[in-house]
file input13.txt (compact mmCIF, N, CA and C atoms)
# COMPACT_ATOMS: atom_id res chain seq x y z
N MET W 25 2.91 -3.24 -11.93
CA MET W 25 2.10 -3.96 -10.97
C MET W 25 0.66 -3.48 -11.09
N THR W 26 -0.25 -4.42 -10.94
CA THR W 26 -1.67 -4.09 -10.97
C THR W 26 -2.25 -4.11 -9.56
N LEU W 27 -3.44 -3.55 -9.44
CA LEU W 27 -4.12 -3.57 -8.16
C LEU W 27 -4.38 -5.01 -7.72
N GLU W 28 -4.79 -5.86 -8.63
CA GLU W 28 -5.07 -7.25 -8.28
C GLU W 28 -3.82 -7.97 -7.77
N GLU W 29 -2.66 -7.69 -8.36
CA GLU W 29 -1.41 -8.29 -7.88
C GLU W 29 -1.12 -7.84 -6.46
N LEU W 30 -1.33 -6.55 -6.19
CA LEU W 30 -1.12 -6.04 -4.84
C LEU W 30 -2.07 -6.71 -3.86
N LEU W 31 -3.35 -6.77 -4.22
CA LEU W 31 -4.34 -7.38 -3.32
C LEU W 31 -4.02 -8.84 -3.05
N CYS W 32 -3.58 -9.55 -4.08
CA CYS W 32 -3.20 -10.97 -3.93
C CYS W 32 -2.04 -11.09 -2.93
N ALA W 33 -1.05 -10.24 -3.08
CA ALA W 33 0.10 -10.26 -2.17
C ALA W 33 -0.32 -9.93 -0.75
N LEU W 34 -1.20 -8.97 -0.58
CA LEU W 34 -1.66 -8.58 0.76
C LEU W 34 -2.43 -9.71 1.42
N ARG W 35 -3.26 -10.38 0.65
CA ARG W 35 -4.04 -11.50 1.20
C ARG W 35 -3.15 -12.65 1.64
N ALA W 36 -1.99 -12.77 1.03
CA ALA W 36 -1.07 -13.87 1.33
C ALA W 36 -0.16 -13.59 2.53
N LEU W 37 -0.24 -12.39 3.09
CA LEU W 37 0.62 -12.06 4.23
C LEU W 37 0.29 -12.95 5.42
N ASP W 38 1.34 -13.35 6.13
CA ASP W 38 1.18 -14.03 7.41
C ASP W 38 1.75 -13.10 8.48
N ALA W 39 1.84 -13.57 9.70
CA ALA W 39 2.32 -12.71 10.79
C ALA W 39 3.74 -12.22 10.54
N ILE W 40 4.59 -13.10 10.05
CA ILE W 40 5.98 -12.71 9.75
C ILE W 40 5.99 -11.72 8.59
N GLY W 41 5.17 -11.96 7.59
CA GLY W 41 5.10 -11.06 6.44
C GLY W 41 4.63 -9.68 6.83
N ILE W 42 3.67 -9.59 7.74
CA ILE W 42 3.19 -8.29 8.21
C ILE W 42 4.30 -7.57 8.95
N ALA W 43 5.02 -8.29 9.79
CA ALA W 43 6.14 -7.67 10.51
C ALA W 43 7.22 -7.20 9.54
N ARG W 44 7.53 -8.01 8.54
CA ARG W 44 8.53 -7.62 7.54
C ARG W 44 8.04 -6.43 6.72
N ALA W 45 6.75 -6.43 6.38
CA ALA W 45 6.20 -5.31 5.61
C ALA W 45 6.33 -4.02 6.41
N ARG W 46 6.08 -4.09 7.70
CA ARG W 46 6.23 -2.88 8.52
C ARG W 46 7.67 -2.41 8.50
N THR W 47 8.62 -3.33 8.51
CA THR W 47 10.03 -2.96 8.45
C THR W 47 10.34 -2.25 7.13
N VAL W 48 9.80 -2.77 6.03
CA VAL W 48 9.98 -2.14 4.71
C VAL W 48 9.39 -0.72 4.73
N ILE W 49 8.20 -0.59 5.28
CA ILE W 49 7.53 0.71 5.35
C ILE W 49 8.31 1.68 6.22
N ASP W 50 8.74 1.23 7.39
CA ASP W 50 9.53 2.09 8.28
C ASP W 50 10.81 2.56 7.61
N ALA W 51 11.46 1.68 6.86
CA ALA W 51 12.69 2.05 6.15
C ALA W 51 12.42 3.08 5.07
N ALA W 52 11.25 2.98 4.43
CA ALA W 52 10.89 3.92 3.37
C ALA W 52 10.53 5.30 3.91
N HIS W 53 10.29 5.37 5.21
CA HIS W 53 9.91 6.63 5.85
C HIS W 53 10.87 6.99 6.98
N ALA W 54 12.14 6.67 6.80
CA ALA W 54 13.12 6.81 7.88
C ALA W 54 13.52 8.25 8.16
N THR W 55 13.47 9.11 7.16
CA THR W 55 13.93 10.49 7.36
C THR W 55 12.81 11.47 7.03
N ILE W 56 13.03 12.71 7.43
CA ILE W 56 12.08 13.77 7.09
C ILE W 56 12.00 13.92 5.57
N GLY W 57 13.13 13.79 4.91
CA GLY W 57 13.14 13.86 3.45
C GLY W 57 12.28 12.79 2.81
N ASP W 58 12.33 11.58 3.39
CA ASP W 58 11.48 10.49 2.90
C ASP W 58 10.01 10.84 3.05
N GLU W 59 9.67 11.40 4.20
CA GLU W 59 8.28 11.77 4.46
C GLU W 59 7.81 12.85 3.49
N VAL W 60 8.65 13.85 3.26
CA VAL W 60 8.29 14.93 2.33
C VAL W 60 8.09 14.38 0.93
N ALA W 61 9.01 13.53 0.49
CA ALA W 61 8.91 12.94 -0.85
C ALA W 61 7.63 12.11 -0.98
N THR W 62 7.30 11.37 0.05
CA THR W 62 6.08 10.56 0.02
C THR W 62 4.84 11.45 -0.05
N TRP W 63 4.81 12.51 0.76
CA TRP W 63 3.66 13.42 0.73
C TRP W 63 3.53 14.08 -0.63
N GLU W 64 4.64 14.43 -1.26
CA GLU W 64 4.58 15.01 -2.60
C GLU W 64 3.96 14.02 -3.58
N GLU W 65 4.34 12.76 -3.47
CA GLU W 65 3.74 11.74 -4.34
C GLU W 65 2.26 11.57 -4.07
N LEU W 66 1.87 11.59 -2.80
CA LEU W 66 0.46 11.45 -2.46
C LEU W 66 -0.36 12.62 -2.99
N ILE W 67 0.22 13.80 -2.97
CA ILE W 67 -0.46 14.98 -3.53
C ILE W 67 -0.62 14.80 -5.04
N ALA W 68 0.43 14.27 -5.70
CA ALA W 68 0.35 14.01 -7.15
C ALA W 68 -0.74 12.97 -7.45
N VAL W 69 -0.86 11.96 -6.59
CA VAL W 69 -1.91 10.95 -6.76
C VAL W 69 -3.27 11.61 -6.65
N ASP W 70 -3.49 12.42 -5.63
CA ASP W 70 -4.77 13.10 -5.45
C ASP W 70 -5.12 13.95 -6.66
N ARG W 71 -4.14 14.70 -7.15
CA ARG W 71 -4.37 15.54 -8.34
C ARG W 71 -4.79 14.70 -9.54
N ARG W 72 -4.05 13.62 -9.75
CA ARG W 72 -4.31 12.77 -10.90
C ARG W 72 -5.69 12.11 -10.79
N LEU W 73 -6.05 11.69 -9.59
CA LEU W 73 -7.37 11.08 -9.39
C LEU W 73 -8.48 12.08 -9.66
N ARG W 74 -8.34 13.29 -9.17
CA ARG W 74 -9.35 14.33 -9.42
C ARG W 74 -9.45 14.65 -10.90
N HIS W 75 -8.30 14.79 -11.55
CA HIS W 75 -8.26 15.13 -12.97
C HIS W 75 -8.95 14.05 -13.81
N ARG W 76 -8.79 12.80 -13.43
CA ARG W 76 -9.36 11.68 -14.20
C ARG W 76 -10.73 11.24 -13.70
N GLY W 77 -11.21 11.87 -12.64
CA GLY W 77 -12.51 11.48 -12.10
C GLY W 77 -12.52 10.08 -11.51
N ARG W 78 -11.42 9.68 -10.89
CA ARG W 78 -11.29 8.31 -10.37
C ARG W 78 -11.21 8.24 -8.85
N ALA W 79 -11.61 9.31 -8.16
CA ALA W 79 -11.49 9.34 -6.70
C ALA W 79 -12.31 8.23 -6.04
N ARG W 80 -13.50 7.98 -6.55
CA ARG W 80 -14.35 6.92 -5.96
C ARG W 80 -13.71 5.55 -6.17
N ASP W 81 -13.17 5.29 -7.37
CA ASP W 81 -12.49 4.02 -7.64
C ASP W 81 -11.29 3.85 -6.71
N ALA W 82 -10.57 4.94 -6.48
CA ALA W 82 -9.40 4.88 -5.61
C ALA W 82 -9.79 4.61 -4.16
N ALA W 83 -10.89 5.20 -3.73
CA ALA W 83 -11.37 4.96 -2.36
C ALA W 83 -11.75 3.49 -2.17
N LEU W 84 -12.41 2.93 -3.17
CA LEU W 84 -12.78 1.52 -3.10
C LEU W 84 -11.54 0.62 -3.09
N ALA W 85 -10.56 0.94 -3.93
CA ALA W 85 -9.31 0.17 -3.96
C ALA W 85 -8.59 0.26 -2.63
N ALA W 86 -8.56 1.45 -2.05
CA ALA W 86 -7.91 1.64 -0.74
C ALA W 86 -8.59 0.80 0.32
N HIS W 87 -9.92 0.79 0.30
CA HIS W 87 -10.68 -0.02 1.26
C HIS W 87 -10.38 -1.50 1.08
N ARG W 88 -10.36 -1.95 -0.17
CA ARG W 88 -10.08 -3.36 -0.45
C ARG W 88 -8.68 -3.75 0.04
N ALA W 89 -7.72 -2.87 -0.15
CA ALA W 89 -6.34 -3.16 0.28
C ALA W 89 -6.26 -3.24 1.81
N ALA W 90 -6.86 -2.28 2.48
CA ALA W 90 -6.83 -2.29 3.95
C ALA W 90 -7.55 -3.52 4.49
N GLU W 91 -8.67 -3.89 3.88
CA GLU W 91 -9.40 -5.08 4.31
C GLU W 91 -8.60 -6.36 4.04
N ALA W 92 -7.84 -6.38 2.95
CA ALA W 92 -7.01 -7.56 2.66
C ALA W 92 -5.97 -7.75 3.76
N VAL W 93 -5.37 -6.66 4.21
CA VAL W 93 -4.38 -6.74 5.29
C VAL W 93 -5.07 -7.19 6.58
N ARG W 94 -6.22 -6.60 6.86
CA ARG W 94 -6.96 -6.96 8.08
C ARG W 94 -7.33 -8.45 8.07
N ALA W 95 -7.82 -8.93 6.94
CA ALA W 95 -8.20 -10.35 6.83
C ALA W 95 -6.98 -11.25 6.98
N ALA W 96 -5.87 -10.87 6.38
CA ALA W 96 -4.64 -11.66 6.50
C ALA W 96 -4.18 -11.71 7.95
N ALA W 97 -4.29 -10.58 8.64
CA ALA W 97 -3.87 -10.53 10.05
C ALA W 97 -4.75 -11.44 10.90
N LEU W 98 -6.05 -11.37 10.68
CA LEU W 98 -6.96 -12.23 11.45
C LEU W 98 -6.70 -13.70 11.15
N ALA W 99 -6.46 -14.03 9.89
CA ALA W 99 -6.16 -15.42 9.51
C ALA W 99 -4.85 -15.89 10.14
N ALA W 100 -3.93 -14.95 10.37
CA ALA W 100 -2.64 -15.29 10.99
C ALA W 100 -2.73 -15.33 12.51
N GLY W 101 -3.91 -15.03 13.04
CA GLY W 101 -4.09 -15.09 14.49
C GLY W 101 -3.63 -13.85 15.23
N ILE W 102 -3.49 -12.75 14.53
CA ILE W 102 -3.07 -11.49 15.16
C ILE W 102 -4.30 -10.81 15.74
N ALA W 103 -4.23 -10.48 17.03
CA ALA W 103 -5.33 -9.79 17.68
C ALA W 103 -5.31 -8.31 17.25
N LEU W 104 -6.48 -7.82 16.90
CA LEU W 104 -6.59 -6.42 16.47
C LEU W 104 -7.22 -5.61 17.59
N PRO W 105 -6.86 -4.36 17.73
CA PRO W 105 -5.92 -3.61 16.88
C PRO W 105 -4.47 -3.98 17.18
N ASP W 106 -3.66 -3.86 16.15
CA ASP W 106 -2.23 -4.15 16.24
C ASP W 106 -1.50 -3.05 15.47
N PRO W 107 -0.46 -2.43 16.08
CA PRO W 107 0.23 -1.32 15.41
C PRO W 107 0.84 -1.69 14.06
N ALA W 108 1.39 -2.88 13.94
CA ALA W 108 2.00 -3.29 12.66
C ALA W 108 0.93 -3.46 11.59
N VAL W 109 -0.18 -4.06 11.96
CA VAL W 109 -1.27 -4.27 11.01
C VAL W 109 -1.83 -2.92 10.55
N THR W 110 -2.01 -2.00 11.49
CA THR W 110 -2.50 -0.67 11.15
C THR W 110 -1.56 0.03 10.19
N CYS W 111 -0.27 -0.04 10.47
CA CYS W 111 0.74 0.58 9.61
C CYS W 111 0.69 0.00 8.20
N VAL W 112 0.66 -1.31 8.10
CA VAL W 112 0.66 -1.98 6.79
C VAL W 112 -0.65 -1.70 6.06
N ALA W 113 -1.76 -1.70 6.76
CA ALA W 113 -3.06 -1.43 6.12
C ALA W 113 -3.11 -0.01 5.57
N ARG W 114 -2.62 0.95 6.33
CA ARG W 114 -2.62 2.35 5.85
C ARG W 114 -1.74 2.51 4.62
N GLU W 115 -0.59 1.89 4.66
CA GLU W 115 0.32 1.99 3.51
C GLU W 115 -0.26 1.27 2.30
N ALA W 116 -0.89 0.13 2.54
CA ALA W 116 -1.51 -0.62 1.44
C ALA W 116 -2.61 0.22 0.79
N ALA W 117 -3.36 0.94 1.59
CA ALA W 117 -4.40 1.81 1.05
C ALA W 117 -3.80 2.89 0.16
N ALA W 118 -2.71 3.49 0.60
CA ALA W 118 -2.04 4.52 -0.21
C ALA W 118 -1.49 3.92 -1.51
N LEU W 119 -0.92 2.75 -1.42
CA LEU W 119 -0.39 2.08 -2.62
C LEU W 119 -1.51 1.77 -3.61
N ALA W 120 -2.66 1.32 -3.10
CA ALA W 120 -3.79 1.02 -3.97
C ALA W 120 -4.29 2.28 -4.67
N ARG W 121 -4.36 3.38 -3.95
CA ARG W 121 -4.77 4.65 -4.57
C ARG W 121 -3.79 5.04 -5.68
N ALA W 122 -2.51 4.85 -5.43
CA ALA W 122 -1.49 5.20 -6.43
C ALA W 122 -1.64 4.33 -7.68
N LEU W 123 -1.97 3.06 -7.50
CA LEU W 123 -2.15 2.18 -8.65
C LEU W 123 -3.37 2.58 -9.48
N VAL W 124 -4.44 3.00 -8.81
CA VAL W 124 -5.62 3.48 -9.54
C VAL W 124 -5.27 4.76 -10.30
N ALA W 125 -4.51 5.63 -9.67
CA ALA W 125 -4.10 6.88 -10.33
C ALA W 125 -3.24 6.60 -11.55
N ALA W 126 -2.38 5.59 -11.45
CA ALA W 126 -1.49 5.25 -12.56
C ALA W 126 -2.30 4.71 -13.73
N ASP W 127 -3.33 3.92 -13.46
CA ASP W 127 -4.25 3.43 -14.48
C ASP W 127 -3.53 2.83 -15.68
N GLY W 128 -2.44 2.10 -15.41
CA GLY W 128 -1.72 1.44 -16.48
C GLY W 128 -0.85 2.34 -17.33
N SER W 129 -0.79 3.62 -16.99
CA SER W 129 -0.04 4.56 -17.83
C SER W 129 1.26 5.02 -17.17
N GLY W 130 1.75 4.26 -16.24
CA GLY W 130 2.97 4.66 -15.55
C GLY W 130 2.63 5.37 -14.26
N SER W 131 3.33 5.03 -13.22
CA SER W 131 3.02 5.57 -11.91
C SER W 131 3.53 6.99 -11.73
N PRO W 132 2.72 7.86 -11.13
CA PRO W 132 3.19 9.18 -10.77
C PRO W 132 4.02 9.14 -9.48
N CYS W 133 4.24 7.93 -8.96
CA CYS W 133 4.85 7.76 -7.64
C CYS W 133 5.94 6.71 -7.64
N PRO W 134 7.13 7.07 -8.05
CA PRO W 134 8.19 6.05 -8.07
C PRO W 134 8.49 5.45 -6.70
N ARG W 135 8.42 6.25 -5.64
CA ARG W 135 8.71 5.73 -4.30
C ARG W 135 7.64 4.73 -3.87
N LEU W 136 6.38 5.09 -4.06
CA LEU W 136 5.30 4.17 -3.67
C LEU W 136 5.30 2.92 -4.54
N SER W 137 5.62 3.07 -5.81
CA SER W 137 5.69 1.91 -6.70
C SER W 137 6.78 0.95 -6.25
N ALA W 138 7.93 1.50 -5.89
CA ALA W 138 9.04 0.66 -5.42
C ALA W 138 8.65 -0.05 -4.12
N GLU W 139 7.93 0.65 -3.27
CA GLU W 139 7.49 0.04 -2.01
C GLU W 139 6.50 -1.10 -2.27
N ALA W 140 5.59 -0.89 -3.21
CA ALA W 140 4.63 -1.94 -3.56
C ALA W 140 5.34 -3.16 -4.12
N GLU W 141 6.30 -2.94 -4.99
CA GLU W 141 7.08 -4.05 -5.55
C GLU W 141 7.83 -4.79 -4.45
N ALA W 142 8.37 -4.06 -3.48
CA ALA W 142 9.08 -4.70 -2.37
C ALA W 142 8.13 -5.56 -1.54
N LEU W 143 6.91 -5.08 -1.34
CA LEU W 143 5.93 -5.87 -0.57
C LEU W 143 5.57 -7.16 -1.32
N VAL W 144 5.41 -7.08 -2.62
CA VAL W 144 5.08 -8.27 -3.40
C VAL W 144 6.24 -9.26 -3.36
N ARG W 145 7.47 -8.76 -3.51
CA ARG W 145 8.66 -9.65 -3.44
C ARG W 145 8.75 -10.29 -2.07
N LEU W 146 8.43 -9.55 -1.03
CA LEU W 146 8.47 -10.05 0.34
C LEU W 146 7.54 -11.24 0.51
N VAL W 147 6.35 -11.15 -0.05
CA VAL W 147 5.38 -12.25 0.05
C VAL W 147 5.84 -13.44 -0.78
N ALA W 148 6.43 -13.17 -1.93
CA ALA W 148 6.88 -14.25 -2.82
C ALA W 148 8.07 -15.00 -2.23
N ALA W 149 8.83 -14.36 -1.35
CA ALA W 149 10.05 -14.98 -0.81
C ALA W 149 9.74 -16.11 0.14

call {"tool": "encode", "arguments": {"input": "input13.txt", "output": "structure tokens"}}
result
Amino acid sequence: MTLEELLCALRALDAIGIARARTVIDAAHATIGDEVATWEELIAVDRRLRHRGRARDAALAAHRAAEAVRAAALAAGIALPDPAVTCVAREAAALARALVAADGSGSPCPRLSAEAEALVRLVAA
């Protein structure tokens, strides 16, 4: 998956899609073990970004992803702030950072990659 594919999927979210995305995210973080595994992946992303000098690119991608969710929510008529929108926007930002870190060479984050793929499938359904 590319960053542009993720952004396209995020822009296509409607109110039901945002609610479903939150369900996917909540399921991915259901246990303490899930949280620990996710944090380990996020640390790997940070390391990889620093090593490759891509932290600024990742920050921009994260901002674009969060804004895509925000714009989709507003287009769907969701009043902000909204807990589901916040949850999806934060996760989208993390997914975008992971995609920049992967840089086409394979993701250092299998859990986050699987979550991103699930979000894209959710929008396509």

call {"tool": "residues_around", "arguments": {"input": "input13.txt", "residues": "Val144 in chain W", "least_positions_apart": "2", "cutoff": "8 Å", "atoms": "only C-alpha atoms", "output": "JSON, numbers by chain"}}
result
{"W": [29, 30, 33, 34, 140, 141, 142, 146, 147, 148]}

call {"tool": "residues_around", "arguments": {"input": "input13.txt", "residues": "Ala95 in chain W", "least_positions_apart": "4", "cutoff": "8 Å", "atoms": "all atoms listed in the file", "output": "ChimeraX atom specification"}}
result
/W:34-37,89-91,99-101

call {"tool": "select_by_dssp", "arguments": {"input": "input13.txt", "residues": "chain W", "states": "helix (DSSP H, G or I)", "output": "MDAnalysis selection string"}}
result
chainID W and resid 27:35 39:52 56:76 79:99 107:126 134:148

call {"tool": "atom_distance", "arguments": {"input": "input13.txt", "atom1": "CA of Pro134 in chain W", "atom2": "CA of Ala39 in chain W"}}
result
27.2 Å

call {"tool": "closest_residue", "arguments": {"input": "input13.txt", "among": "W:His53, W:Arg46, W:Arg76, W:Arg71", "to": "Thr110 in chain W", "atoms": "only C-alpha atoms"}}
result
W:Arg46

call {"tool": "atom_distance", "arguments": {"input": "input13.txt", "atom1": "CA of Leu136 in chain W", "atom2": "atom N of Leu98 in chain W"}}
result
24.0 Å
